[in-house]
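Participant: Let me give you the structure first, and then I'll get to my questions.
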Amino acid sequence: MSDTAKLNIDGTSYDLPVVVGTEGDRAMDIRKLRQTTGYVCLDDGFANTGSCESAITFVDGEKGILRYRGIPIQQLATQSTFVETCWLLIYGELPTREQLKAWSGLFTKYEMIHEGLYHHFDGFPSTGHPMAILSAMINAMSCYEPGLMEMEDASTFQVSAARLISKLRTIAAAAYKASIGQPIVYPKPHLDYCTNFLHMMFSIPYGDYEPEPEIVAALQLILILHADHEQNCSSSTVRMVASSGANLFASCAAGVCALWGPLHGGANAAVVEMLQYLHDNKVDLKDYIARVKDKNDPLRLMGFGHRVYKTYDPRANIMKATADKLLAKVKGNDPLLEIAKRLEDVALKDKYFIDRNLYPNVDFYSGVILRAMGIPVNMFTVIFAMGRMPGWIANWKEQYDSGGALYRPRQIYTGQSERDYTPIAERGTSDCLAPKVSKKGRPYCELK
């Protein structure tokens, strides 16, 4: 098979090197395309663009495959822990017993945050979204550890990575407590990663929260399943920021901001909001599904389908089994969960959804599970960020170690051609149709 691809432009043929991945995925190397042809590629959303070569995670959307460092997600979900999975993603191999003990020890050692950081929570209003607080606090945390801003050697990086993953749960839980006006709860060194987070979320000064084992297991599963997912929006953001030479903290804070978007990390919250709407308005599900299937109606069924997976999301299969087990034990009768089950039945049986590969995805089940655990909706994306942090760190490290070039995409300019500046006296008044007032009482000028 040829190791080059032919590109013909205006009768001139160009040879493009072909790069082949370990799983057979193929790419045309266009790194010198503009230099040799004067052309660039236009790929809105980067759906057909490989932004990097990476050895971290493999996804095959057509076959429903997800592997971390070559290990199927099904094996990690049933046999690994989140702390162990963090090491695997960042360092490429499963840790030895000694490595895992030392790694876990770092998580315990650095689970506390600087006392000065707690005062920062007082500066946020109670209405502040936890994701905004999380991003700000990651950057603020770096100010208290200036020696870790520069990755001088492997040990410096390891301490920084462990600090960030460990302290993230402390910051996340503190942000939640601050938002509801309760005292911030300190971590306990004898508790494991997930139990400690739940303790800080739900304990109160006069009583410790002791979660059911099924709840701890469900949280650990959610974190493992969300730990990485190839070059998704937030991981790509981390790599782009890292390409500028930005430190680990700044790059991962940018990842939090990217994850915040409802089309990315906010999808599981959108699922619960949809279920709540269906319940509160007593919507007939048959009518709702009919609207979803109507091509002229913009209504979407949240939590169904996936941009990458054209078959069942492998994480959803795992999550569904956990949802059934957890809900049967913990939640009992919940009208939203009943609606979710009925919607699930529709997707699995309706030809419309089957033909379009619109199966329930990981967001559908994670939202239902988090609700059953008592996690408030505005904390859903924060849990996602906790899970995705090792993936972000692994991508930051890979970008840093490669010494890769600064990310700087090209564009196709579609604006005005060159024109002269017009003095304000000569501009007239026709551009503004009429002064208007927004729904919130703010004046603005509508343009033609």
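Residue numbering restarts at 1 in every chain; chains get A, B, ... in the order shown in the structure tokens, and ligands count up from 1 in that same order.
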If you run DSSP over the backbone, which residues in range 201-408 of chain A end up strand (DSSP E or B)? Put them as a list in words.
Facilitator: Ile204, Gly207, Phe304 and Pro360 of chain A
Participant: Fewer than 6 positions away in the same chain doesn't count, so skip those; otherwise give me all residues within 10 Å of Leu370 in chain A, counting only C-alpha atoms, as a list in words.
Facilitator: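 Close residues of Leu370 in chain A: Ile215, Ala218, Leu219, Ile222, Asn268, Ala269, Val272, Ala323, Pro376, Val377, Met379, Phe380 and Ile383 of chain A.
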Participant: Go ahead and dump the residues you just picked, N, CA and C atoms, as an mmCIF file, in the first residue's frame.
Facilitator:
```cif
data_model
loop_
_atom_site.group_PDB
_atom_site.id
_atom_site.type_symbol
_atom_site.label_atom_id
_atom_site.label_comp_id
_atom_site.auth_asym_id
_atom_site.auth_seq_id
_atom_site.Cartn_x
_atom_site.Cartn_y
_atom_site.Cartn_z
ATOM 1 N N ILE A 215 -22.880 4.001 46.273
ATOM 2 C CA ILE A 215 -22.706 5.391 45.846
ATOM 3 C C ILE A 215 -21.238 5.679 45.569
ATOM 4 N N ALA A 218 -20.330 4.037 42.331
ATOM 5 C CA ALA A 218 -20.896 4.750 41.187
ATOM 6 C C ALA A 218 -20.083 5.996 40.855
ATOM 7 N N LEU A 219 -19.662 6.733 41.890
ATOM 8 C CA LEU A 219 -18.849 7.928 41.656
ATOM 9 C C LEU A 219 -17.519 7.548 41.030
ATOM 10 N N ILE A 222 -18.027 6.788 37.386
ATOM 11 C CA ILE A 222 -18.220 8.002 36.594
ATOM 12 C C ILE A 222 -16.887 8.693 36.325
ATOM 13 N N ASN A 268 -24.929 16.378 30.541
ATOM 14 C CA ASN A 268 -25.655 15.548 31.517
ATOM 15 C C ASN A 268 -26.627 16.387 32.352
ATOM 16 N N ALA A 269 -26.272 17.640 32.606
ATOM 17 C CA ALA A 269 -27.202 18.530 33.297
ATOM 18 C C ALA A 269 -28.417 18.815 32.425
ATOM 19 N N VAL A 272 -31.100 16.049 32.786
ATOM 20 C CA VAL A 272 -31.960 16.145 33.965
ATOM 21 C C VAL A 272 -32.941 17.312 33.822
ATOM 22 N N ALA A 323 -26.527 2.237 36.764
ATOM 23 C CA ALA A 323 -27.749 2.996 37.046
ATOM 24 C C ALA A 323 -28.843 2.085 37.567
ATOM 25 N N PRO A 376 -26.316 17.975 43.263
ATOM 26 C CA PRO A 376 -27.143 18.993 42.605
ATOM 27 C C PRO A 376 -26.725 19.188 41.150
ATOM 28 N N VAL A 377 -27.660 19.620 40.334
ATOM 29 C CA VAL A 377 -27.428 19.726 38.895
ATOM 30 C C VAL A 377 -26.253 20.642 38.568
ATOM 31 N N MET A 379 -23.581 20.950 39.975
ATOM 32 C CA MET A 379 -22.307 20.306 40.268
ATOM 33 C C MET A 379 -21.995 19.172 39.288
ATOM 34 N N PHE A 380 -22.914 18.868 38.374
ATOM 35 C CA PHE A 380 -22.688 17.761 37.447
ATOM 36 C C PHE A 380 -21.399 17.960 36.642
ATOM 37 N N ILE A 383 -18.184 17.441 38.568
ATOM 38 C CA ILE A 383 -17.815 16.033 38.687
ATOM 39 C C ILE A 383 -17.125 15.571 37.405
#
```
Participant: As a PyMOL selection string, please: every residue in range 3-167 of chain A that a backbone DSSP assignment puts in alpha helix (DSSP H).
Facilitator: chain A and resi 33-37+73-79+82-91+97-109+115-118+130-143+154-167
Participant: Got a sec: who's within 8 Å of range 63-74 of chain A, counting only C-alpha atoms, leaving out chain neighbours fewer than 6 positions off, as a PyMOL selection string?
Facilitator: chain A and resi 55-57+88-89+92-93+225+228-229+309-315+318
Participant: When you count only C-alpha atoms, which of these residues is closest to Met274 in chain A: A:Tyr407, A:Tyr421, A:Tyr288, A:Trp396?
Facilitator: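 Under the stated criterion, the closest residue is A:Tyr288.
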Participant: Residues within 9 Å of Thr322 in chain A, please, as a list in words. Count only C-alpha atoms; anything in the same chain fewer than 2 positions from it doesn't count.
Facilitator: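 Skipping anything fewer than 2 positions along the chain leaves Glu214, Ala217, Ala218, Leu221, Ile318, Met319, Lys320, Asp324, Lys325, Leu326, Leu327, Tyr365 and Ile369 of chain A.
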Participant: If you count only C-alpha atoms, which residues fall within 8 Å of range 187-197 of chain A, apart from same-chain ones fewer than 5 positions away, as a PDB file with N, CA and C atoms, in the first residue's frame?
Facilitator:
```pdb
ATOM      1  N   VAL A  83      -7.738   6.410  41.028  1.00  0.00           N
ATOM      2  CA  VAL A  83      -6.359   6.820  41.307  1.00  0.00           C
ATOM      3  C   VAL A  83      -5.393   6.030  40.425  1.00  0.00           C
ATOM      4  N   THR A 108      -2.983  11.943  49.368  1.00  0.00           N
ATOM      5  CA  THR A 108      -3.316  12.199  50.770  1.00  0.00           C
ATOM      6  C   THR A 108      -2.523  13.378  51.315  1.00  0.00           C
ATOM      7  N   LYS A 109      -1.253  13.427  50.977  1.00  0.00           N
ATOM      8  CA  LYS A 109      -0.379  14.479  51.488  1.00  0.00           C
ATOM      9  C   LYS A 109      -0.838  15.869  51.047  1.00  0.00           C
ATOM     10  N   GLU A 111      -4.012  16.789  49.906  1.00  0.00           N
ATOM     11  CA  GLU A 111      -5.459  16.979  49.786  1.00  0.00           C
ATOM     12  C   GLU A 111      -5.942  18.293  50.391  1.00  0.00           C
ATOM     13  N   MET A 112      -5.199  18.846  51.346  1.00  0.00           N
ATOM     14  CA  MET A 112      -5.558  20.139  51.935  1.00  0.00           C
ATOM     15  C   MET A 112      -5.201  21.265  50.969  1.00  0.00           C
ATOM     16  N   SER A 166      -5.650  15.943  43.468  1.00  0.00           N
ATOM     17  CA  SER A 166      -6.117  15.786  44.840  1.00  0.00           C
ATOM     18  C   SER A 166      -6.857  17.024  45.340  1.00  0.00           C
ATOM     19  N   ARG A 169     -10.755  18.045  44.149  1.00  0.00           N
ATOM     20  CA  ARG A 169     -11.966  17.588  44.852  1.00  0.00           C
ATOM     21  C   ARG A 169     -12.230  18.452  46.080  1.00  0.00           C
ATOM     22  N   THR A 170     -11.157  18.908  46.747  1.00  0.00           N
ATOM     23  CA  THR A 170     -11.314  19.756  47.931  1.00  0.00           C
ATOM     24  C   THR A 170     -11.916  21.099  47.537  1.00  0.00           C
ATOM     25  N   ALA A 173     -15.707  20.571  46.391  1.00  0.00           N
ATOM     26  CA  ALA A 173     -16.624  20.419  47.523  1.00  0.00           C
ATOM     27  C   ALA A 173     -16.785  21.733  48.277  1.00  0.00           C
ATOM     28  N   PRO A 211     -21.352   7.513  53.043  1.00  0.00           N
ATOM     29  CA  PRO A 211     -22.072   7.061  51.852  1.00  0.00           C
ATOM     30  C   PRO A 211     -22.186   5.541  51.765  1.00  0.00           C
ATOM     31  N   VAL A 216     -20.366   5.200  46.439  1.00  0.00           N
ATOM     32  CA  VAL A 216     -18.924   5.384  46.238  1.00  0.00           C
ATOM     33  C   VAL A 216     -18.492   4.714  44.933  1.00  0.00           C
ATOM     34  N   LEU A 219     -19.662   6.733  41.890  1.00  0.00           N
ATOM     35  CA  LEU A 219     -18.849   7.928  41.656  1.00  0.00           C
ATOM     36  C   LEU A 219     -17.519   7.548  41.030  1.00  0.00           C
ATOM     37  N   GLN A 220     -16.900   6.492  41.550  1.00  0.00           N
ATOM     38  CA  GLN A 220     -15.620   6.058  40.996  1.00  0.00           C
ATOM     39  C   GLN A 220     -15.777   5.664  39.530  1.00  0.00           C
TER      40      GLN A 220
END
```
Participant: Counting only C-alpha atoms, figure out which residue out of A:Met389, A:Cys52, A:Ile30, A:Ile224 gets nearest to Ser243 in chain A.
Facilitator: A:Cys52
Participant: Using only C-alpha atoms, which residue out of A:Lys177, A:Lys295, A:Lys167, A:Arg239 lies closest to Phe121 in chain A?
Facilitator: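 Ranking A:Lys177, A:Lys295, A:Lys167, A:Arg239 by distance to Phe121 in chain A, first place goes to A:Lys177.
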Participant: Please measure the separation of CA of Asn361 in chain A and CA of Leu336 in chain A, giving the value in Å to one decimal.
Facilitator: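 It comes out at 17.3 Å.
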Participant: Find the distance between CA of Ala178 in chain A and CA of Ala132 in chain A and write it in Å to one decimal.
Facilitator: 13.2 Å
Participant: I'd like the interatomic distance between CA of Gly38 in chain A and CA of Pro409 in chain A, to a tenth of an Å.
Facilitator: 15.0 Å
Participant: Which of these residues is nearest to Ser234 in chain A, using only C-alpha atoms: A:Asn139, A:Gly261, A:Gly415, A:Gly428?
Facilitator: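 Counting only C-alpha atoms, the residue closest to Ser234 in chain A is A:Gly261.
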Participant: Which residue gives the smallest distance to Glu23 in chain A among A:Val59, A:Ile171, A:Ala154, A:Met302, with only C-alpha atoms counted?
Facilitator: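 Ranked by minimum distance to Glu23 in chain A, first place goes to A:Val59.
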Participant: Skip Gly123 in chain A itself and residues of its chain fewer than 2 positions away, then list as a VMD selection string all residues within 12 Å of it, counting only C-alpha atoms.
Facilitator: chain A and resid 117 to 121 125 to 128 133 136 to 137 175 178 to 179
Participant: So that I can see what lies close to Ala242 in chain A, please list as JSON, numbers by chain the residues with an atom at most 12 Å from it, counting only C-alpha atoms and leaving out residues fewer than 3 positions away in the same chain.
Facilitator: {"A": [235, 236, 237, 238, 239, 245, 246, 247, 248, 249, 250, 251, 252, 253, 254, 255, 392, 393, 394, 395, 396, 397, 398, 399, 400, 401, 402, 403, 404, 405, 406, 407]}
Participant: Kindly indicate which residue among A:Phe364, A:Tyr209, A:Tyr91, A:Phe82 lies nearest to Asn317 in chain A, using only C-alpha atoms for the distances.
Facilitator: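 Checking each candidate against Asn317 in chain A, we get A:Phe364 as the closest.
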